[in-house]
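Input: a single structure, listed below in structure tokens.
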Number of protein chains: 4
Amino acid sequence: VPDSSVLNIGLIGVGRIGRLHAANLAHQVPRGRLVAIADVIEEAALHSAAEHGVPIAVSEYRTLLDDPEIHAVVICSATDTHAQIIEEAAQAGKHIFCEKPLDLTLARIDTALAAVERAGVVFQIGLNRRFDANFRRVRQAVEHGEIGRPWQLHIVSRDPAPPPISYVKVSGGLFLDMAIHDFDMARFLIDSEVEEVYAAAAVLVDEAIGAVGDVDTAVTILKFANGVIGTIENSRSAAYGYDQRAEILGSAGMVQTENNYPNTAVISGGQTVHRDLPLNFFMERYTQSYLAEVTAFVNTALDGGAPAVSGADGRQAVVLALAALKSFRENRPVRVAEIDKT
Amino acid sequence: VPDSSVLNIGLIGVGRIGRLHAANLAHQVPRGRLVAIADVIEEAALHSAAEHGVPIAVSEYRTLLDDPEIHAVVICSATDTHAQIIEEAAQAGKHIFCEKPLDLTLARIDTALAAVERAGVVFQIGLNRRFDANFRRVRQAVEHGEIGRPWQLHIVSRDPAPPPISYVKVSGGLFLDMAIHDFDMARFLIDSEVEEVYAAAAVLVDEAIGAVGDVDTAVTILKFANGVIGTIENSRSAAYGYDQRAEILGSAGMVQTENNYPNTAVISGGQTVHRDLPLNFFMERYTQSYLAEVTAFVNTALDGGAPAVSGADGRQAVVLALAALKSFRENRPVRVAEIDKT
Amino acid sequence: VPDSSVLNIGLIGVGRIGRLHAANLAHQVPRGRLVAIADVIEEAALHSAAEHGVPIAVSEYRTLLDDPEIHAVVICSATDTHAQIIEEAAQAGKHIFCEKPLDLTLARIDTALAAVERAGVVFQIGLNRRFDANFRRVRQAVEHGEIGRPWQLHIVSRDPAPPPISYVKVSGGLFLDMAIHDFDMARFLIDSEVEEVYAAAAVLVDEAIGAVGDVDTAVTILKFANGVIGTIENSRSAAYGYDQRAEILGSAGMVQTENNYPNTAVISGGQTVHRDLPLNFFMERYTQSYLAEVTAFVNTALDGGAPAVSGADGRQAVVLALAALKSFRENRPVRVAEIDKT
Amino acid sequence: VPDSSVLNIGLIGVGRIGRLHAANLAHQVPRGRLVAIADVIEEAALHSAAEHGVPIAVSEYRTLLDDPEIHAVVICSATDTHAQIIEEAAQAGKHIFCEKPLDLTLARIDTALAAVERAGVVFQIGLNRRFDANFRRVRQAVEHGEIGRPWQLHIVSRDPAPPPISYVKVSGGLFLDMAIHDFDMARFLIDSEVEEVYAAAAVLVDEAIGAVGDVDTAVTILKFANGVIGTIENSRSAAYGYDQRAEILGSAGMVQTENNYPNTAVISGGQTVHRDLPLNFFMERYTQSYLAEVTAFVNTALDGGAPAVSGADGRQAVVLALAALKSFRENRPVRVAEIDKT
């Protein structure tokens, strides 16, 4: 067990999101110390370690799990390795931060989370958007009764452009890869469980996405236990950039967020009044929330307490994604209990 | 047949919306002349006629149909009288402007529109929002390709407060009374037909609305023939006033409208940055569109051409409302062809 | 003296602003009846009278003053005729609405207003912007203490494009023709008198304006008796259209207005987020305030009470414009008392 | 001379702004290494050094100048020590970053800058706002001709609340302490020199400020060599927080910036539509620009080239502040050449 001053962290996987966490952990989290990096591509581990002055770089993540000086791991490897690594890391007594999604099947998720529970380690799932200033303010408005009792929720979540088809193929599809953030956001903002889901979806952006069995456009209706009716609009493409907004109607009013922009300058010209496009993608848009989530993890690992986003939260996001996928495929409303029989 | 300089108009029904049309026709439509008012409550007809200097005021609308000096009628009577009056007015050779909804049953609508067709008179339905500057600009953006090929539509339509329960009982319910405007708006903005509808709805605002068999909160998903997936959010209550917005995502961008406000003043105080609430209800919000629709009707009646909003448009809005109602009641997606077998 | 039900009005001068008043008086002011039009160009009077069904059209305004059936005149003739017509109309016992500016010299203004006072008729000056919803809301914020004690005022007032040079020559120049509205607005919003003025100005838009002795760009600092320091930015050209805004800082906050737009649609495209330009010029921007000012005049003439914008207000706007002009020419702060020795 | 990989930096003065630079230099500037801290209050130096793991902490800044391992100094000491330390640091061959203002007298500024020139070291003045994303975008719009030829500039610069009277006394007053940022911003945005200044000012916020000979409210008109007329509105108090905006009118349009907000959430309630207040003060508002300016300094010191904000820029901001002060005191326009006879 670490003392309360610093947490030694091993990072597993330095793809795009892993590199982001590496940079944050190396420089911006005072109580966290990045001491080791593992990646199946050893050069990637070495390169990243050199860049940030990290002493250990290996290809085998078990090296990190065996190291008694490492208190926690941050898992950014491929989704299909998450459950296995979680289980082993828990057995090794490491605190665990894992990127979303936990896994694409509930059985494996449950096995992994059971291991976490047995080990009594801290587990946090990487649903970073809960740490975004805009969405936190929406949550606060609901929590403090600023809009009364919530009635309707609307989330817009659009990527600037589709990922490569190679990624689409292994991603689990729009619902499990992309909308999963929005399912979690819906639960976070409304603070009630979803009971039924109906999803309409289509291939409108790029036929190649359809060719590999996925969709690129979706609308999902969520019926919550507390009566709220929510809608989520997803698209794999938005010409103007990353579109990330939420709106809630309640008995006493409405709260809405806007996209974030690189600057506030507005130019009134001879043809239009215009401004620059919103921040383009998650690396720019959620810079602060990525840092905040990992800082929260380090603090929880050192100080104790419930993690900000739990394994159960990560699991429930997958449940809703699976329900939406089933609803879309069968074109009918799907009770969440159909998916999650526990 | 009138000459092309002025259209003599008889108004049938001077409830709230009838009085609005009376004021517009009496003063603001140069080529229209309001010459007669009929209302089953004769004092209402007399009062309104006196207010605007209208020579004829009667309780029996047939008096207007029999008057050869009257070229057109504007029907603002109770919904269940629309079909009958349309039929008689058409037989009398009058041009017809009729408030929405046409009727609540397709059979009666079809009979009435058949009479219109036989008579060859001009028929326009009162779906006024098509004349609103904001929604026209959205339509224009789609039409001119400013956002590319449309993919997703989102309409928000919320009343400031529920109508009296007495009205709710006879209104036909949220879908036929309120959302009908939004079904028409969806068709207007996307310019494609809806093929399937799924509606989720609930009683969240006021249990008394549920007690008379209606709902006060609804979300409807529309699947269009051209692939667009649309959503409509309806609520009978919005603490901040009348909420009337639309947003369309397309392959080249997005167009969004905002609510209209009484002024642009923003006050930055010690606690918040704030402004006055949006215009409160349809009388303030759609002042210009009510005038524009009836001006368009007068011009079409005098000059010929296709009406801006046709009987078929009015009928289709009812079809979609019936489909949404059925979808909500059976909690399943409903093909529009199930409702409209023609 | 008219009874309280209707005011018979004669309009003098049907240039651009006169035609606007004619249309308003003919159709939109229920208690006013436009009964006569005079214009030195008789065809203009005839044309306008025909358009609005006005019975009398003459070239000689004195015909209107001699007509006992006419209760009031609306003066829209050339500025250099205002004082003379006011004097005669007052002697004839007519209520008077006069377009701004009253006159370009204080001596003539004082003679005219003395005649008004002797006759005891209602006199209102056409400083229409006081009736604009945005500026009224700013005034209300100050009046109701919503921003505390006012400290700083900033007015932006820019025309979309310069008037023809022929107009510039006879206009009295930027300060007396254009900024005069803003001097009045400053007094209206702050509700205190200006004691000192400093104006910086230049010819930046069009050298032809400089060639006839005028400027096209100006900034004026106003020091008010209550301590407020105000600034006015004027330009004869704004590529994006008519720019009409005000902002006041007070001890408890700030109030700001924005320009008015033809619609609220915002388009997020591949290059920028943009919207249509603001309303282009005063005919579109101040439609409602032109109607409101003349309605207020008719009501005051019929019901009594102080006019909404008095002769003294019209005079003071000229005083400040003359002070600004002197300040610019001598490049020094000018005490208002230097101009107005009364 | 340092190699190009890292710059060893000594920080002189760890008051509020010094601590901000310490945190940035210690963690966020990869190519800078904070190796020493000096403060006349030794405990302050020790505390800050401990916090950031800085090896050297002393009370005497000359210790840093004598250390050959230190390549550069960042001067955050009291204003009246700047000139002396600059001179000595230059003689010691250190690169110099100095907080604004350079000094309050031109003679001392010139002596210090002459020493810098002789030594050939890099000198950058801490006018951080030039690095702000909003103002950079305004500058870019001007530079790229997006608004055509500039005609009018308007800067609003208001602090949330006045500093302590003890600070006001030694600050040099509103023009030299606060407006100096805006004078520099004006030059930066317009890229032309100011030739004449007129300033109106008053004590409206707090009489105690007047009691020590300063003002708390000011408006300054700037006449630029290229014809632009600029205005700056300053206030020591804004109930809603830090107000930092700029607006430029040009021949082809206008560019405007807004304040920065902690989130984008807008709440439409039963009384108003509102949002949270803007970022409260410079520590929150200019976080990124403080980091950017010192990063730019480190890069210039290592790589060579002209500093982003030069000694001449720092000097000219003081010249304009002195001109504004003289203008206010004598209530007349002051030619900049009256102040700066070089």
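Chain lettering (A, B, ...) mirrors the order of the structure tokens, residue numbering begins at 1 for each chain separately, and ligand numbering begins at 1 in order of display.
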
Excluding segment 162-175 of chain B and its own-chain neighbours fewer than 5 positions away, which residues fall within 8 Å of it when counting only C-alpha atoms? Please give them as a ChimeraX atom specification. /B:104,180,208-209,212,214-216,236-237,321-322,324-325

For chain D against chain C, with a cut-off of 9 Å and counting only C-alpha atoms, what is the closest atom pair and its distance in Å to one decimal for every residue that makes the cut, ordered by chain and number, as CSV?
```
residue,atom,partner,partner_atom,distance
D:Ile147,CA,C:Ala239,CA,8.8
D:Trp151,CA,C:Leu204,CA,6.8
D:Gln152,CA,C:Glu233,CA,8.0
D:His154,CA,C:Glu233,CA,8.8
D:Tyr198,CA,C:Tyr198,CA,8.6
D:Ala200,CA,C:Ile229,CA,7.5
D:Ala201,CA,C:Ile229,CA,7.7
D:Ala202,CA,C:Gly227,CA,7.4
D:Val203,CA,C:Gly227,CA,8.6
D:Leu204,CA,C:Trp151,CA,6.8
D:Val205,CA,C:Ser251,CA,7.2
D:Thr217,CA,C:Trp151,CA,7.8
D:Ala218,CA,C:Ile229,CA,7.8
D:Val219,CA,C:Ile229,CA,7.3
D:Thr220,CA,C:Ile221,CA,8.9
D:Ile221,CA,C:Ala200,CA,7.9
D:Lys223,CA,C:Ala200,CA,8.2
D:Gly227,CA,C:Leu204,CA,7.2
D:Val228,CA,C:Leu204,CA,8.2
D:Ile229,CA,C:Val219,CA,7.3
D:Gly230,CA,C:Val219,CA,8.2
D:Thr231,CA,C:Val219,CA,7.9
D:Glu233,CA,C:Gln152,CA,8.0
D:Ser235,CA,C:Gln152,CA,8.6
D:Ser237,CA,C:Ser251,CA,7.6
D:Ala238,CA,C:Gly253,CA,6.4
D:Ala239,CA,C:Gly253,CA,5.0
D:Tyr240,CA,C:Gly253,CA,6.0
D:Leu249,CA,C:Ala238,CA,7.6
D:Gly250,CA,C:Ala238,CA,7.8
D:Ser251,CA,C:Ala239,CA,6.7
D:Ala252,CA,C:Ala239,CA,5.3
D:Gly253,CA,C:Ala239,CA,5.0
D:Met254,CA,C:Tyr240,CA,7.7
D:Asn331,CA,C:Pro333,CA,7.3
D:Arg332,CA,C:Arg332,CA,5.8
D:Pro333,CA,C:Arg332,CA,6.6
```

Quick one: distance from atom CA of Arg285 of chain C to atom CA of Ile17 of chain C in Å, one decimal?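 Taking atom CA of Arg285 of chain C as the start and atom CA of Ile17 of chain C as the end point, the length is 13.6 Å.
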
Might you pull out every residue within 12 Å of Asn134 of chain C, with only C-alpha atoms counted and same-chain residues fewer than 2 positions away left off, and present them as a VMD selection string? (chain B and resid 261 to 267 275 to 276) or (chain C and resid 129 to 132 136 to 141 185 189 244 to 247 255 to 260 285 to 286 288 to 289)

Members of segment 233-340 of chain D assigned helix (DSSP H, G or I) by DSSP, as a count of residues only: 45

Polymer residues at most 8 Å from segment 335-342 of chain B, only C-alpha atoms, same-chain spacing of 5 or more positions, as a list in words: Val194, Glu195, Glu196, Val197, Val319, Leu320, Leu322 and Ala323 of chain B

Using the selection just defined, write its residues with N, CA and C atoms as a PDB file, in the first residue's frame.
```pdb
ATOM      1  N   VAL B 194     -42.421  10.834 -44.269  1.00  0.00           N
ATOM      2  CA  VAL B 194     -42.096   9.969 -43.132  1.00  0.00           C
ATOM      3  C   VAL B 194     -42.684   8.589 -43.396  1.00  0.00           C
ATOM      4  N   GLU B 195     -41.880   7.562 -43.157  1.00  0.00           N
ATOM      5  CA  GLU B 195     -42.339   6.200 -43.409  1.00  0.00           C
ATOM      6  C   GLU B 195     -42.661   5.420 -42.140  1.00  0.00           C
ATOM      7  N   GLU B 196     -42.004   5.790 -41.045  1.00  0.00           N
ATOM      8  CA  GLU B 196     -42.225   5.055 -39.804  1.00  0.00           C
ATOM      9  C   GLU B 196     -42.066   6.003 -38.634  1.00  0.00           C
ATOM     10  N   VAL B 197     -42.836   5.715 -37.593  1.00  0.00           N
ATOM     11  CA  VAL B 197     -42.875   6.598 -36.429  1.00  0.00           C
ATOM     12  C   VAL B 197     -42.745   5.747 -35.173  1.00  0.00           C
ATOM     13  N   VAL B 319     -52.152  12.240 -40.372  1.00  0.00           N
ATOM     14  CA  VAL B 319     -51.701  10.851 -40.523  1.00  0.00           C
ATOM     15  C   VAL B 319     -50.531  10.570 -39.574  1.00  0.00           C
ATOM     16  N   LEU B 320     -49.579  11.464 -39.560  1.00  0.00           N
ATOM     17  CA  LEU B 320     -48.410  11.251 -38.701  1.00  0.00           C
ATOM     18  C   LEU B 320     -48.789  11.302 -37.224  1.00  0.00           C
ATOM     19  N   LEU B 322     -51.668  10.459 -35.978  1.00  0.00           N
ATOM     20  CA  LEU B 322     -52.351   9.195 -35.664  1.00  0.00           C
ATOM     21  C   LEU B 322     -51.350   8.052 -35.533  1.00  0.00           C
ATOM     22  N   ALA B 323     -50.346   8.052 -36.380  1.00  0.00           N
ATOM     23  CA  ALA B 323     -49.312   7.016 -36.298  1.00  0.00           C
ATOM     24  C   ALA B 323     -48.548   7.117 -34.978  1.00  0.00           C
TER      25      ALA B 323
END
```

Pick out the closest residue to Asp182 of chain B from this set: B:Gln316, B:Asn24, B:Gln91, B:Ser48. Count only C-alpha atoms.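 That would be B:Gln316, the residue with the smallest distance to Asp182 of chain B.
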
List as an MDAnalysis selection string the protein and nucleic acid residues near segment 32-40 of chain D, meaning an atom at most 9 Å away when only C-alpha atoms are counted, but skip any in the same chain fewer than 2 places from it. chainID D and resid 5:15 22 25:30 42:46 48:49 52:64 69:70 77 295 298:299
